[in-house]
Every structure is written in C-alpha cells, then in structure tokens.
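Dumped work.pdb below, it's PDB, C-alpha atoms:
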ATOM      1  CA  MET F1286      75.272 -42.156  10.222
ATOM      2  CA  ASP F1287      72.298 -42.535   7.852
ATOM      3  CA  ALA F1288      69.877 -42.475  10.805
ATOM      4  CA  PHE F1289      71.609 -39.388  12.195
ATOM      5  CA  LEU F1290      71.457 -37.464   8.907
ATOM      6  CA  LEU F1291      67.858 -38.454   8.136
ATOM      7  CA  SER F1292      66.687 -37.610  11.670
ATOM      8  CA  PHE F1293      68.613 -34.341  11.657
ATOM      9  CA  GLY F1294      67.007 -33.231   8.381
ATOM     10  CA  VAL F1295      63.471 -34.316   9.217
ATOM     11  CA  ILE F1296      63.452 -32.741  12.687
ATOM     12  CA  LEU F1297      65.174 -29.557  11.517
ATOM     13  CA  ILE F1298      62.396 -29.094   8.968
ATOM     14  CA  ALA F1299      59.681 -30.114  11.442
ATOM     15  CA  GLU F1300      60.870 -27.586  13.994
ATOM     16  CA  LEU F1301      60.782 -24.628  11.590
ATOM     17  CA  GLY F1302      57.794 -22.510  12.589
ATOM     18  CA  ASP F1303      56.901 -24.869  15.452
ATOM     19  CA  LYS F1304      55.646 -23.445  18.744
ATOM     20  CA  SER F1305      58.813 -24.436  20.583
ATOM     21  CA  GLN F1306      60.861 -22.504  18.017
ATOM     22  CA  LEU F1307      58.605 -19.519  18.699
ATOM     23  CA  MET F1308      59.234 -20.072  22.416
ATOM     24  CA  ALA F1309      63.003 -20.102  21.777
ATOM     25  CA  LEU F1310      62.677 -16.770  20.001
ATOM     26  CA  ALA F1311      60.617 -15.331  22.859
ATOM     27  CA  PHE F1312      63.000 -16.614  25.552
ATOM     28  CA  ALA F1313      66.005 -15.236  23.651
ATOM     29  CA  THR F1314      64.540 -11.755  23.805
ATOM     30  CA  ARG F1315      64.562 -11.987  27.631
ATOM     31  CA  TYR F1316      67.476 -14.264  28.578
ATOM     32  CA  ARG F1317      71.078 -14.824  27.486
ATOM     33  CA  ALA F1318      71.221 -16.802  24.245
ATOM     34  CA  LEU F1319      73.609 -19.401  25.716
ATOM     35  CA  THR F1320      71.253 -20.063  28.645
ATOM     36  CA  VAL F1321      68.344 -20.599  26.247
ATOM     37  CA  LEU F1322      70.413 -22.886  24.008
ATOM     38  CA  VAL F1323      71.614 -25.042  26.921
ATOM     39  CA  ALA F1324      68.078 -25.366  28.302
ATOM     40  CA  VAL F1325      66.667 -26.300  24.879
ATOM     41  CA  THR F1326      69.410 -28.881  24.368
ATOM     42  CA  LEU F1327      68.858 -30.567  27.741
ATOM     43  CA  ALA F1328      65.073 -30.675  27.341
ATOM     44  CA  THR F1329      65.394 -32.007  23.784
ATOM     45  CA  LEU F1330      67.825 -34.747  24.813
ATOM     46  CA  LEU F1331      65.282 -35.994  27.368
ATOM     47  CA  VAL F1332      62.185 -35.789  25.157
ATOM     48  CA  HIS F1333      63.849 -37.389  22.156
ATOM     49  CA  ALA F1334      65.369 -40.199  24.242
ATOM     50  CA  GLY F1335      61.846 -41.091  25.339
ATOM     51  CA  SER F1336      60.587 -40.763  21.768
ATOM     52  CA  VAL F1337      63.225 -43.169  20.471
ATOM     53  CA  LEU F1338      62.419 -45.699  23.188
ATOM     54  CA  ILE F1339      58.716 -45.550  22.265
ATOM     55  CA  GLY F1340      59.543 -45.894  18.553
ATOM     56  CA  GLN F1341      61.820 -48.864  19.178
ATOM     57  CA  ALA F1342      59.100 -50.580  21.226
ATOM     58  CA  PHE F1343      56.673 -50.208  18.296
ATOM     59  CA  ALA F1344      59.332 -51.499  15.899
ATOM     60  CA  MET F1345      59.715 -54.721  17.875
ATOM     61  CA  ALA F1346      55.969 -55.310  18.093
ATOM     62  CA  LEU F1347      54.867 -54.662  14.498
ATOM     63  CA  PRO F1348      55.939 -55.800  11.008
ATOM     64  CA  THR F1349      58.278 -53.406   9.186
ATOM     65  CA  SER F1350      55.977 -52.819   6.204
ATOM     66  CA  ALA F1351      53.071 -51.825   8.473
ATOM     67  CA  ILE F1352      55.347 -49.477  10.409
ATOM     68  CA  GLN F1353      56.591 -47.837   7.189
ATOM     69  CA  VAL F1354      53.051 -47.252   5.902
ATOM     70  CA  ALA F1355      51.895 -45.920   9.292
ATOM     71  CA  ALA F1356      54.948 -43.664   9.586
ATOM     72  CA  GLY F1357      54.393 -42.396   6.035
ATOM     73  CA  LEU F1358      50.765 -41.589   6.799
ATOM     74  CA  ALA F1359      51.893 -39.854   9.988
ATOM     75  CA  PHE F1360      54.200 -37.659   7.900
ATOM     76  CA  PHE F1361      51.222 -36.661   5.729
ATOM     77  CA  GLY F1362      49.505 -35.667   8.971
ATOM     78  CA  PHE F1363      52.600 -33.669   9.997
ATOM     79  CA  ALA F1364      52.387 -31.829   6.648
ATOM     80  CA  ALA F1365      48.782 -30.838   7.364
ATOM     81  CA  TRP F1366      49.702 -29.869  10.935
ATOM     82  CA  THR F1367      52.527 -27.708   9.614
ATOM     83  CA  LEU F1368      50.233 -25.917   7.174
ATOM     84  CA  ARG F1369      47.708 -25.318   9.947
ATOM     85  CA  GLY F1370      50.524 -23.801  11.950
ATOM     86  CA  ASP F1371      51.409 -23.337  15.568
ATOM     87  CA  ALA F1372      51.087 -20.284  17.710
ATOM     88  CA  LEU F1373      52.031 -19.619  21.275
ATOM     89  CA  GLY F1374      49.020 -20.063  23.514
ATOM     90  CA  ASP F1375      48.519 -18.079  26.685
ATOM     91  CA  ALA F1376      50.233 -20.748  28.820
ATOM     92  CA  GLU F1377      53.319 -20.913  26.590
ATOM     93  CA  ARG F1378      53.482 -17.124  26.316
ATOM     94  CA  SER F1379      53.240 -16.883  30.099
ATOM     95  CA  ARG F1380      56.150 -19.326  30.522
ATOM     96  CA  ALA F1381      58.226 -17.371  27.999
ATOM     97  CA  ASP F1382      57.465 -14.049  29.726
ATOM     98  CA  ARG F1383      58.615 -15.103  33.201
ATOM     99  CA  SER F1384      61.821 -13.642  34.456
ATOM    100  CA  GLY F1385      63.881 -14.739  37.405
ATOM    101  CA  ARG F1386      67.004 -16.359  38.709
ATOM    102  CA  TRP F1387      65.918 -19.817  37.588
ATOM    103  CA  ALA F1388      66.134 -19.155  33.845
ATOM    104  CA  LEU F1389      67.708 -22.513  32.892
ATOM    105  CA  LEU F1390      65.114 -24.507  34.837
ATOM    106  CA  THR F1391      62.236 -22.319  33.635
ATOM    107  CA  ILE F1392      63.233 -22.532  29.980
ATOM    108  CA  GLY F1393      64.076 -26.245  30.129
ATOM    109  CA  THR F1394      60.800 -27.137  31.813
ATOM    110  CA  ALA F1395      58.796 -25.021  29.366
ATOM    111  CA  PHE F1396      60.485 -26.720  26.409
ATOM    112  CA  PHE F1397      60.077 -30.194  27.853
ATOM    113  CA  LEU F1398      56.357 -29.647  28.394
ATOM    114  CA  ALA F1399      55.864 -27.946  25.017
ATOM    115  CA  GLU F1400      57.459 -30.884  23.211
ATOM    116  CA  LEU F1401      55.322 -33.603  24.807
ATOM    117  CA  GLY F1402      52.980 -34.773  22.052
ATOM    118  CA  ASP F1403      54.376 -32.194  19.604
ATOM    119  CA  LYS F1404      55.009 -33.045  15.956
ATOM    120  CA  THR F1405      58.786 -33.217  16.471
ATOM    121  CA  MET F1406      58.323 -35.780  19.237
ATOM    122  CA  LEU F1407      55.913 -37.789  17.080
ATOM    123  CA  ALA F1408      58.233 -37.523  14.062
ATOM    124  CA  THR F1409      61.113 -38.844  16.203
ATOM    125  CA  ILE F1410      58.939 -41.772  17.307
ATOM    126  CA  ALA F1411      58.095 -42.491  13.658
ATOM    127  CA  LEU F1412      61.761 -42.326  12.640
ATOM    128  CA  ALA F1413      62.807 -44.598  15.505
ATOM    129  CA  THR F1414      60.491 -47.346  14.284
ATOM    130  CA  THR F1415      62.610 -47.831  11.160
ATOM    131  CA  GLU F1416      66.015 -46.278  11.908
ATOM    132  CA  GLU F1417      68.933 -47.061  14.228
ATOM    133  CA  PRO F1418      68.150 -45.691  17.744
ATOM    134  CA  TRP F1419      71.397 -43.862  18.664
ATOM    135  CA  GLY F1420      71.632 -42.066  15.339
ATOM    136  CA  THR F1421      67.941 -41.200  15.497
ATOM    137  CA  TRP F1422      68.230 -39.803  19.024
ATOM    138  CA  LEU F1423      71.352 -37.761  18.373
ATOM    139  CA  GLY F1424      70.239 -36.639  14.902
ATOM    140  CA  SER F1425      66.761 -35.584  16.002
ATOM    141  CA  THR F1426      68.222 -33.728  18.975
ATOM    142  CA  ALA F1427      70.816 -31.975  16.799
ATOM    143  CA  GLY F1428      68.168 -31.054  14.212
ATOM    144  CA  MET F1429      65.890 -29.536  16.805
ATOM    145  CA  VAL F1430      68.686 -27.669  18.563
ATOM    146  CA  ALA F1431      69.915 -26.322  15.200
ATOM    147  CA  ALA F1432      66.442 -25.045  14.283
ATOM    148  CA  ASP F1433      65.960 -23.518  17.710
ATOM    149  CA  ALA F1434      69.447 -21.970  17.556
ATOM    150  CA  ILE F1435      68.268 -20.071  14.479
ATOM    151  CA  ALA F1436      65.338 -18.683  16.456
ATOM    152  CA  ILE F1437      67.542 -17.952  19.456
ATOM    153  CA  GLY F1438      69.937 -16.018  17.237
ATOM    154  CA  ILE F1439      67.119 -14.047  15.671
ATOM    155  CA  GLY F1440      65.534 -13.384  19.047
ATOM    156  CA  ALA F1441      68.831 -12.300  20.562
ATOM    157  CA  VAL F1442      69.880 -10.080  17.672
ATOM    158  CA  MET F1443      66.742  -8.725  16.058
ATOM    159  CA  GLY F1444      63.653 -10.084  17.766
ATOM    160  CA  ALA F1445      62.296 -10.659  14.242
ATOM    161  CA  LYS F1446      60.212 -13.565  12.936
ATOM    162  CA  LEU F1447      61.079 -15.972  10.181
ATOM    163  CA  PRO F1448      58.951 -15.566   7.020
ATOM    164  CA  GLU F1449      56.221 -17.821   8.369
ATOM    165  CA  ARG F1450      54.321 -18.734   5.182
ATOM    166  CA  ALA F1451      57.402 -19.752   3.186
ATOM    167  CA  VAL F1452      58.731 -21.829   6.094
ATOM    168  CA  LYS F1453      55.381 -23.602   6.495
ATOM    169  CA  LEU F1454      55.112 -24.437   2.795
ATOM    170  CA  PHE F1455      58.683 -25.776   2.624
ATOM    171  CA  ALA F1456      58.243 -27.897   5.761
ATOM    172  CA  ALA F1457      54.852 -29.268   4.634
ATOM    173  CA  ALA F1458      56.202 -30.212   1.196
ATOM    174  CA  SER F1459      59.160 -31.963   2.819
ATOM    175  CA  PHE F1460      56.829 -33.989   5.040
ATOM    176  CA  VAL F1461      54.777 -35.047   2.015
ATOM    177  CA  VAL F1462      57.947 -36.262   0.259
ATOM    178  CA  PHE F1463      59.171 -38.190   3.335
ATOM    179  CA  GLY F1464      55.684 -39.647   3.804
ATOM    180  CA  ALA F1465      55.399 -40.747   0.172
ATOM    181  CA  VAL F1466      58.797 -42.471   0.328
ATOM    182  CA  LEU F1467      57.858 -44.367   3.502
ATOM    183  CA  VAL F1468      54.453 -45.443   2.177
ATOM    184  CA  ALA F1469      56.027 -46.586  -1.108
ATOM    185  CA  GLN F1470      58.616 -48.620   0.788
ATOM    186  CA  GLY F1471      55.926 -50.083   3.049
ATOM    187  CA  ILE F1472      53.819 -51.343   0.155
ATOM    188  CA  GLY F1473      56.841 -52.711  -1.672
ATOM    189  CA  LEU F1474      57.495 -50.002  -4.270
ATOM    190  CA  ASP F1475      60.999 -48.642  -4.809
ATOM    191  CA  PRO F1476      60.609 -44.822  -4.728
ATOM    192  CA  GLY F1477      63.870 -44.042  -6.307
TER     193      GLY F1477
END

Taking this structure as input, can you express it in the form of structure tokens?
Amino acid sequence: MDAFLLSFGVILIAELGDKSQLMALAFATRYRALTVLVAVTLATLLVHAGSVLIGQAFAMALPTSAIQVAAGLAFFGFAAWTLRGDALGDAERSRADRSGRWALLTIGTAFFLAELGDKTMLATIALATTEEPWGTWLGSTAGMVAADAIAIGIGAVMGAKLPERAVKLFAAASFVVFGAVLVAQGIGLDPG
C-alpha cells in the first residue's frame, strides 16, 4: 500500500501540466470524455508496466544506496523539466485534432507514444527501483489517470486550462522534496 500511495502522489503531481495532460484536455474537447478516459487508462497501464519492469531490472543490478541517490537526482531533473514546461508540438496537436471512428485507438496510441521517455515514465522507473512493483504500477497508473481525468473534465465541460504557472511551481517543489528525501536516504541520512 505504501508503494501505491507514494507512486500515486508522485505521478499525479508529475502529470499536472504535462503534455499528455494537455493532450487529454484537447481530446476531451473533440471526443466523449469516457472514450478519452478509457484510452488514457489502457495506454497508461501498458507504459507503466514497462516502466516498472525496467525499474525492477535496475534494482536487481545496482546497490540500493546508489539507486536512491540516482533516483533523487533524477527527481531534481524532473523539477527542472517541470519548470521548463511542456507544450503540445505540431505532431501531438495533429494527433489530438484528428477525428474519426477510431477514437479509442487514436487516443490510446497518441498517449502511448507521448508517454515514451516522458517524465512520468521516468519517474515510474525511478520509483520502481526502490518500491514494490505491483503497488508502483497500480499507483502510478491511478495517479496519471486521476490527473488526466481532471483535464478531461475541464476539456469536456469548459475547454479551459489549469493555472499553468501555479501548477508548475507546486509540481517542481514537490519533485525537489522527493529528490532530497531519496538522496538523503541514499547517503545514509534520516530525512525525517
């Protein structure tokens, strides 16, 4: 349960203002909200299953303290990435603008591709190096789907944007805190 809750919180925060959340908002302005939510959930289950497998492979190959320090440093990088921000590029905007009978496949494929190498995928890998795999997979998936459900709801109801600057600052600060805790644990300090 600890792995689930930690993964849920970290990925929920990581997804706020992320390009895939922006894609969810864009898709929800064109397609039924339930279709978008199902497609996001299926794509996220696949991407995060792969992320957990990669993280577990690293966990078996490296000492725990090195993994904690590396994961903590990665979270500092995620904080900087969050502050830099994401925007929909032309390719993502094009995928979100397509209409057609194949909405579930279109949306799911777009999300799957958008998440490959994204900070939420990398954060899930980092979490899986130190946390229980099932809880990490299910928690990270639930966190991402919850964040994207917010965007889907906004896109379906208002088509409005979240207050981008405040979301970025909150998410970046959270990453710094998670990173500091992991680094402290990795070098043998008790952060709290």

Q.
Report as a PyMOL selection string all protein, DNA and RNA residues lying within 8 Å of Ala1355 (chain F), evaluated on only C-alpha atoms, omitting residues in the same chain fewer than 4 positions from it.
A. chain F and resi 1351+1359+1468

Q. If you count all atoms listed in the file, which residues fall within 8 Å of region 1412-1414 of chain F, apart from same-chain ones fewer than 4 positions away, as a list of chain:residue names?
A.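 Residues near the query, excluding close chain neighbours: F:Ser1292, F:Ser1336, F:Val1337, F:Leu1338, F:Ile1339, F:Gly1340, F:Gln1341, F:Ala1342, F:Phe1343, F:Ala1344, F:Ile1352, F:Ala1356, F:Ala1408, F:Pro1418, F:Thr1421.
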
Q: Report the residues retrieved by the PyMOL selection byres ((chain F and resi 1325) around 9) from the displayed file, expressed as a ChimeraX atom specification.
A: /F:1309,1320-1324,1326-1330,1389,1392-1393,1396-1397,1429-1430,1433-1434

Q. How many Å separate CA of Trp1422 (chain F) from CA of Asp1403 (chain F)?
A.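 Between CA of Trp1422 (chain F) and CA of Asp1403 (chain F) the gap works out to 15.8 Å.
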
Q | Shortest interatomic distance to Arg1317 (chain F) - which of F:Gly1424, F:Ala1388, F:Ala1465, F:Leu1290, counting only C-alpha atoms | A | F:Ala1388

Q: Skip Leu1310 (chain F) itself and residues of its chain fewer than 6 positions away, then list as number ranges by chain all residues within 7 Å of it, counting all atoms listed in the file.
A: F: 1436-1437, 1439-1440

**Q.** Counting all atoms listed in the file, the option among F:Gly1357, F:Pro1348, F:Gly1335, F:Gly1302 closest to Val1462 (chain F)
**A.**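 Among the listed residues, the smallest separation from Val1462 (chain F) belongs to F:Gly1357.
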
Centre and edges of the region 1411-1425 of chain F box, axis-aligned, 4 Å extra per side, as JSON:
{"center_x": 64.9, "center_y": -41.7, "center_z": 15.1, "size_x": 21.5, "size_y": 20.2, "size_z": 15.9}

Starting from the sparse input, extend region 1288-1302 of chain F to N, CA and C atoms and give the output as a short mmCIF file (atom, residue, chain, number, x, y, z; two decimals), in the frame of the given file.
data_model
loop_
_atom_site.label_atom_id
_atom_site.label_comp_id
_atom_site.auth_asym_id
_atom_site.auth_seq_id
_atom_site.Cartn_x
_atom_site.Cartn_y
_atom_site.Cartn_z
N ALA F 1288 70.96 -42.81 9.88
CA ALA F 1288 69.88 -42.48 10.80
C ALA F 1288 70.08 -41.08 11.37
N PHE F 1289 71.31 -40.72 11.67
CA PHE F 1289 71.61 -39.39 12.20
C PHE F 1289 71.23 -38.32 11.18
N LEU F 1290 71.71 -38.48 9.94
CA LEU F 1290 71.46 -37.46 8.91
C LEU F 1290 69.97 -37.35 8.57
N LEU F 1291 69.29 -38.48 8.43
CA LEU F 1291 67.86 -38.45 8.14
C LEU F 1291 67.09 -37.78 9.27
N SER F 1292 67.38 -38.18 10.51
CA SER F 1292 66.69 -37.61 11.67
C SER F 1292 66.98 -36.12 11.81
N PHE F 1293 68.24 -35.75 11.59
CA PHE F 1293 68.61 -34.34 11.66
C PHE F 1293 67.78 -33.53 10.67
N GLY F 1294 67.74 -33.97 9.41
CA GLY F 1294 67.01 -33.23 8.38
C GLY F 1294 65.52 -33.15 8.63
N VAL F 1295 64.92 -34.28 8.98
CA VAL F 1295 63.47 -34.32 9.22
C VAL F 1295 63.09 -33.42 10.39
N ILE F 1296 63.81 -33.52 11.49
CA ILE F 1296 63.45 -32.74 12.69
C ILE F 1296 63.80 -31.27 12.50
N LEU F 1297 64.86 -30.96 11.82
CA LEU F 1297 65.17 -29.56 11.52
C LEU F 1297 64.01 -28.93 10.76
N ILE F 1298 63.52 -29.61 9.76
CA ILE F 1298 62.40 -29.09 8.97
C ILE F 1298 61.13 -29.04 9.82
N ALA F 1299 60.89 -30.07 10.61
CA ALA F 1299 59.68 -30.11 11.44
C ALA F 1299 59.65 -28.98 12.46
N GLU F 1300 60.80 -28.60 12.95
CA GLU F 1300 60.87 -27.59 13.99
C GLU F 1300 60.68 -26.17 13.45
N LEU F 1301 60.93 -25.97 12.16
CA LEU F 1301 60.78 -24.63 11.59
C LEU F 1301 59.33 -24.16 11.71
N GLY F 1302 59.13 -23.06 12.39
CA GLY F 1302 57.79 -22.51 12.59
C GLY F 1302 56.99 -23.19 13.68
#
